[in-house]
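Worksheet: one structure, shown below.
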Amino acid sequence: MEKAYKVRWVVMTALLMLLMLPMLPLTAADEPDWEDSLFGETANDSPSLVSDEELFGGSSGSDLFEDDVFADSPALVSEVVETEKNLQTSLLGNEADKVRIGGSFNFELTPGWKWLVDSDTDAGTLVMDLGSKLFVDARPSTDTRIFAKAVISYPFVENGTSRTFSDIVSIRELFSDFNIQDKAFFRVGKQTINWGVGYFFSPADLLNLSEINPLDPDEELEGPVSMRMNMPIGLDNLYTYVIVPEDATDATDLALAGKYEKVLGAAELGLGAYYRNGQSPAVMATLSTSIGKVAVFGEAMLKYGSDKTFVVADGGSGYTTTTYDDRLFFSGTIGGSYSWSDDESDFGYTLIGQYYYNGEGYDNTDFYTSVPSYLLSGDLTVSDIMSPGRHYGAVLVSATFTDTLSANVMWYGNMSDFSGLVQPSLTWSPTDEVAVSLGLACTYGKAGSEFTLAFPNFTSNNRYIAATLGFTLGASSF
C-alpha cells in the first residue's frame with residue numbers, strides 16, 4: 001500500500017506542475033492566432049465520420065456523400081478584395097446574431113419483428129423516438145460566449161406513470177468561454193471533453209461521464225462540470241482541467257487533468273494524465289495521422305490500479321470477487337477510415353474499422369452464466385462485468401448509390417469469446433425531411449458469451465434475428 005501511495009503522489013505532483021505551466025509568460029513568437037483559438041477545443045464543432053442515425057435506419061446515409069464534401073478544392077490563389085469589416089462584426093456578425101437559438105427535431109417510428117433463436121419464439125416490436133435538442137449560443141462580445149444545450153428524451157410516460165421534468169429534459173452542456181489577453185482561453189461549466197480520437201472505442205477518454213456506444217458512435221457524450229484552460233503554443237495546445245465530480249462534497253474530491261497536443265507535420269500527438277483522490281490514476285496518449293488517403297488513429301491508456309470489481313475463481317467450483325489497487329492495466333486501440341466518391345455520379349463509400357484491446361477484460365468469460373446466481377447480490381455490479389472481453393473489433397461500411405438511396409453494414413464483436421452482432425440497413429430518403437429504412441440485425445456466439453446473453457438478468461436466450469422498417473419524418477435542424 002505504501003508503494004501505491006507513492007505512485008499516486010508522483011502522479012498528483014506531475015499534474016500540479018502541468019497545471020502551473022500555463023502561468024508562464026508567452027513570448028511574442030508564441031502568441032496564437034487568437035481568432036481561430038478563441039474558444040479552444042470543443043467536441044461539438046467536430047464533424048462526425050458518420051451521423052448517429054445512419055448506423056441502423058434513420059435519416060438517409062447519403063449525408064455522408066453530399067456534393068459539398070467531395071467538391072473540388074477552391075483555387076489556391078485568388079484575388080483579395082478589401083472590406084471594411086471590423087473584428088467584432090467578423091466574429092459575431094450583426095447585432096441580431098449575438099444570440100442564436102437553434103436545435104434539431106427528429107420523429108422516428110420503427111415497427112419490427114424479432115425471433116429469439118434459442119427459445120424459438122418471435123414477437124413484434126415497436127420503437128418510437130422524438131430525438132430533439134435545443135441550444136442557446138450567446139456571444140455578447142468578441143471575448144465571451146455562453147452556450148447551453150438541452151436534450152429532450154422520450155417516452156414522457158413510463159410504466160403508466162408520467163416522468164418528471166428532470167427525467168425528460170436533461171442539460172447536456174452549460175458553459176462559458178472567455179479569455180485573458182488572448183493568451184489563455186477558459187471554458188467553465190458542464191462540457192463535453194474531447195480527449196479521444198477513436199470512433200467506436202476510446203480508452204483515452206478518461207474524463208467524460210459516458211462512454212462511446214459502438215452501436216451508435218456518433219451519439220454525443222455527456223461531460224462533467226469542469227474548469228478548462230487552454231494555452232496555444234504556436235501550433236500546439238496545452239489544456240489543464242479542474243473537474244468537479246457529481247458526488248464531490250469536499251475540495252479533496254476535485255479531480256485534476258492535463259493534456260498536451262503536439263503537431264508533428266501531418267500528425268498530431270496527444271499526451272495526458274488524470275488524478276483524483278480515491279481513484280486509480282491514469283495516463284494516456286493519442287495519435288492521429290494519415291497514410292496516403294487513409295486516416296489512421298490510435299490511443300493508449302495506462303492505469304495504476306482499477307476501479308472495477310473483478311470475478312475470480314475461488315479455488316473450487318465457484319467464483320468470488322476481488323479488486324486490484326497496485327496492478328498496471330493497459331488498454332489501447334488502433335483504427336482507420338477511408339472515403340471515396342465517383343466524380344461522375346453520386347456513388348461513393350466510406351470504410352471505418354477499429355480494433356480495441358481491453359486491459360480490464362478477461363481472457364475467459366465462462367463465469368458469465370454463473371454471475372447472476374449470487375455475485376450480483378454482493379459487491380459486484382452489472383457495470384463491472386459489461387464488456388468483459390479482452391479483444392474487440394468493429395467495422396462500418398457505408399455507401400451511397402444515388403442522392404436518395406444509401407446502405408451500410410456494421411459488425412461489432414467480442415473477439416475473445418467469438419460473439420457479436422451484424423447489422424445491415426438500406427435507406428431511401430426522397431426529401432430531407434423524410435426517410436424510410438429497412439434494417440436487419442443478427443447476433444451470434446455460443447451460449448453464455450457476451451452477445452448471446454440478455455442483460456441485465458444474464459439469461460442465455462439472446463441470440464436473435466430481427467427486422468425493422470423505420471420511418472423518419474420531419475427531420476430538421478434550425
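How things are named: the first chain in the C-alpha cells is A, the next is B, and so on; residues count from 1 in each chain; ligands count from 1 in the order shown.
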Problem - Exercise: Thr333 in chain A partners within 8 Å, only C-alpha atoms, chain neighbours under 2 positions left out, as number ranges by chain - result: A: 198, 201-203, 298-300, 331, 335, 354-357
Saved selection, atoms kept: C-alpha atoms, as an mmCIF file, in the first residue's frame:
```
data_model
loop_
_atom_site.group_PDB
_atom_site.id
_atom_site.type_symbol
_atom_site.label_atom_id
_atom_site.label_comp_id
_atom_site.auth_asym_id
_atom_site.auth_seq_id
_atom_site.Cartn_x
_atom_site.Cartn_y
_atom_site.Cartn_z
ATOM 1 C CA GLY A 198 -11.187 6.697 -31.636
ATOM 2 C CA PHE A 201 -13.812 2.768 -28.818
ATOM 3 C CA SER A 202 -11.890 5.393 -26.861
ATOM 4 C CA PRO A 203 -9.867 4.140 -23.862
ATOM 5 C CA GLY A 298 -4.677 5.256 -32.176
ATOM 6 C CA GLU A 299 -4.996 5.566 -28.409
ATOM 7 C CA ALA A 300 -3.240 4.101 -25.376
ATOM 8 C CA SER A 331 -5.704 -0.585 -22.854
ATOM 9 C CA GLY A 335 -8.183 2.129 -36.416
ATOM 10 C CA GLN A 354 -11.139 -0.300 -35.352
ATOM 11 C CA TYR A 355 -9.531 -2.840 -33.007
ATOM 12 C CA TYR A 356 -9.655 -2.449 -29.212
ATOM 13 C CA TYR A 357 -7.587 -4.197 -26.535
#
```
Practice task
Can you list, as a VMD selection string, all residues belonging to range 402-456 of chain A that DSSP tags as strand (DSSP E)?
Solution key: chain A and resid 405 to 414 419 to 431 434 to 444
Export of the given selection (N, CA and C atoms) as a tab-separated table (two decimals), in the first residue's frame:
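Here's the written file out.tsv:
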```
chain	number	residue	atom	x	y	z
A	405	LEU	N	-30.65	7.16	-52.21
A	405	LEU	CA	-30.55	5.76	-51.80
A	405	LEU	C	-29.15	5.46	-51.25
A	406	SER	N	-29.10	4.88	-50.05
A	406	SER	CA	-27.83	4.56	-49.41
A	406	SER	C	-27.98	3.27	-48.61
A	407	ALA	N	-26.84	2.70	-48.21
A	407	ALA	CA	-26.84	1.46	-47.45
A	407	ALA	C	-25.61	1.42	-46.57
A	408	ASN	N	-25.69	0.65	-45.48
A	408	ASN	CA	-24.50	0.41	-44.67
A	408	ASN	C	-24.59	-0.95	-44.00
A	409	VAL	N	-23.43	-1.47	-43.65
A	409	VAL	CA	-23.31	-2.73	-42.93
A	409	VAL	C	-22.34	-2.52	-41.78
A	410	MET	N	-22.75	-2.93	-40.59
A	410	MET	CA	-21.90	-2.79	-39.42
A	410	MET	C	-21.69	-4.14	-38.76
A	411	TRP	N	-20.44	-4.36	-38.30
A	411	TRP	CA	-20.12	-5.52	-37.47
A	411	TRP	C	-19.46	-5.04	-36.19
A	412	TYR	N	-19.90	-5.58	-35.07
A	412	TYR	CA	-19.33	-5.27	-33.77
A	412	TYR	C	-19.23	-6.57	-33.01
A	413	GLY	N	-18.02	-6.92	-32.54
A	413	GLY	CA	-17.88	-8.22	-31.92
A	413	GLY	C	-16.84	-8.30	-30.83
A	414	ASN	N	-17.05	-9.28	-29.95
A	414	ASN	CA	-16.11	-9.66	-28.91
A	414	ASN	C	-15.26	-10.79	-29.50
A	419	SER	N	-18.27	-13.83	-30.14
A	419	SER	CA	-19.68	-13.46	-30.26
A	419	SER	C	-19.76	-12.05	-30.81
A	420	GLY	N	-20.92	-11.70	-31.39
A	420	GLY	CA	-21.01	-10.37	-31.95
A	420	GLY	C	-22.36	-10.09	-32.58
A	421	LEU	N	-22.40	-9.00	-33.33
A	421	LEU	CA	-23.62	-8.51	-33.96
A	421	LEU	C	-23.31	-8.05	-35.37
A	422	VAL	N	-24.14	-8.45	-36.32
A	422	VAL	CA	-24.06	-7.99	-37.70
A	422	VAL	C	-25.34	-7.22	-38.00
A	423	GLN	N	-25.21	-6.03	-38.60
A	423	GLN	CA	-26.36	-5.14	-38.72
A	423	GLN	C	-26.32	-4.39	-40.06
A	424	PRO	N	-26.99	-4.89	-41.09
A	424	PRO	CA	-27.08	-4.15	-42.36
A	424	PRO	C	-28.36	-3.32	-42.43
A	425	SER	N	-28.35	-2.26	-43.24
A	425	SER	CA	-29.56	-1.46	-43.43
A	425	SER	C	-29.53	-0.78	-44.79
A	426	LEU	N	-30.71	-0.47	-45.29
A	426	LEU	CA	-30.89	0.22	-46.58
A	426	LEU	C	-31.84	1.39	-46.34
A	427	THR	N	-31.46	2.58	-46.82
A	427	THR	CA	-32.24	3.78	-46.55
A	427	THR	C	-32.58	4.51	-47.84
A	428	TRP	N	-33.85	4.88	-47.96
A	428	TRP	CA	-34.32	5.70	-49.08
A	428	TRP	C	-34.84	7.01	-48.51
A	429	SER	N	-34.31	8.12	-48.99
A	429	SER	CA	-34.69	9.43	-48.47
A	429	SER	C	-35.07	10.35	-49.63
A	430	PRO	N	-36.36	10.38	-49.98
A	430	PRO	CA	-36.77	11.20	-51.12
A	430	PRO	C	-36.64	12.69	-50.85
A	431	THR	N	-36.72	13.12	-49.59
A	431	THR	CA	-36.55	14.52	-49.23
A	431	THR	C	-35.70	14.59	-47.97
A	434	VAL	N	-37.88	13.34	-44.94
A	434	VAL	CA	-38.50	12.01	-44.94
A	434	VAL	C	-37.45	10.96	-45.29
A	435	ALA	N	-37.43	9.87	-44.54
A	435	ALA	CA	-36.55	8.74	-44.83
A	435	ALA	C	-37.25	7.45	-44.43
A	436	VAL	N	-37.06	6.42	-45.24
A	436	VAL	CA	-37.58	5.09	-44.95
A	436	VAL	C	-36.40	4.13	-44.97
A	437	SER	N	-36.27	3.33	-43.91
A	437	SER	CA	-35.12	2.44	-43.82
A	437	SER	C	-35.57	1.02	-43.50
A	438	LEU	N	-34.90	0.06	-44.12
A	438	LEU	CA	-35.11	-1.36	-43.86
A	438	LEU	C	-33.84	-1.89	-43.20
A	439	GLY	N	-33.98	-2.45	-42.01
A	439	GLY	CA	-32.81	-2.92	-41.27
A	439	GLY	C	-32.94	-4.35	-40.83
A	440	LEU	N	-31.81	-5.03	-40.75
A	440	LEU	CA	-31.72	-6.38	-40.22
A	440	LEU	C	-30.66	-6.39	-39.13
A	441	ALA	N	-30.78	-7.34	-38.21
A	441	ALA	CA	-29.78	-7.50	-37.16
A	441	ALA	C	-29.72	-8.96	-36.75
A	442	CYS	N	-28.51	-9.43	-36.49
A	442	CYS	CA	-28.33	-10.84	-36.12
A	442	CYS	C	-27.18	-10.94	-35.13
A	443	THR	N	-27.43	-11.56	-33.98
A	443	THR	CA	-26.36	-11.83	-33.03
A	443	THR	C	-25.89	-13.27	-33.20
A	444	TYR	N	-24.63	-13.52	-32.85
A	444	TYR	CA	-24.08	-14.86	-32.97
A	444	TYR	C	-23.14	-15.12	-31.79
```
Completion exercise
In Å and to one decimal, CA of Lys308 in chain A is distant from CA of Asp384 in chain A by 5.6 Å
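Nearest residue to Lys259 in chain A, choosing from A:Leu235, A:Val157, A:Ala394, A:Met284 and counting only C-alpha atoms: A:Met284.
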As a PDB file with C-alpha atoms, in the first residue's frame, please: every residue in range 196-391 of chain A that a backbone DSSP assignment puts in alpha helix (DSSP H).
```pdb
ATOM      1  CA  VAL A 371     -22.658 -14.490 -12.205  1.00  0.00           C
ATOM      2  CA  PRO A 372     -26.394 -13.781 -11.655  1.00  0.00           C
ATOM      3  CA  SER A 373     -26.869 -16.586  -9.138  1.00  0.00           C
ATOM      4  CA  TYR A 374     -25.039 -14.953  -6.249  1.00  0.00           C
ATOM      5  CA  VAL A 382     -23.584  -5.045 -13.795  1.00  0.00           C
ATOM      6  CA  SER A 383     -21.226  -2.293 -14.979  1.00  0.00           C
ATOM      7  CA  ASP A 384     -18.272  -4.271 -13.570  1.00  0.00           C
ATOM      8  CA  ILE A 385     -18.863  -7.130 -15.980  1.00  0.00           C
TER       9      ILE A 385
END
```
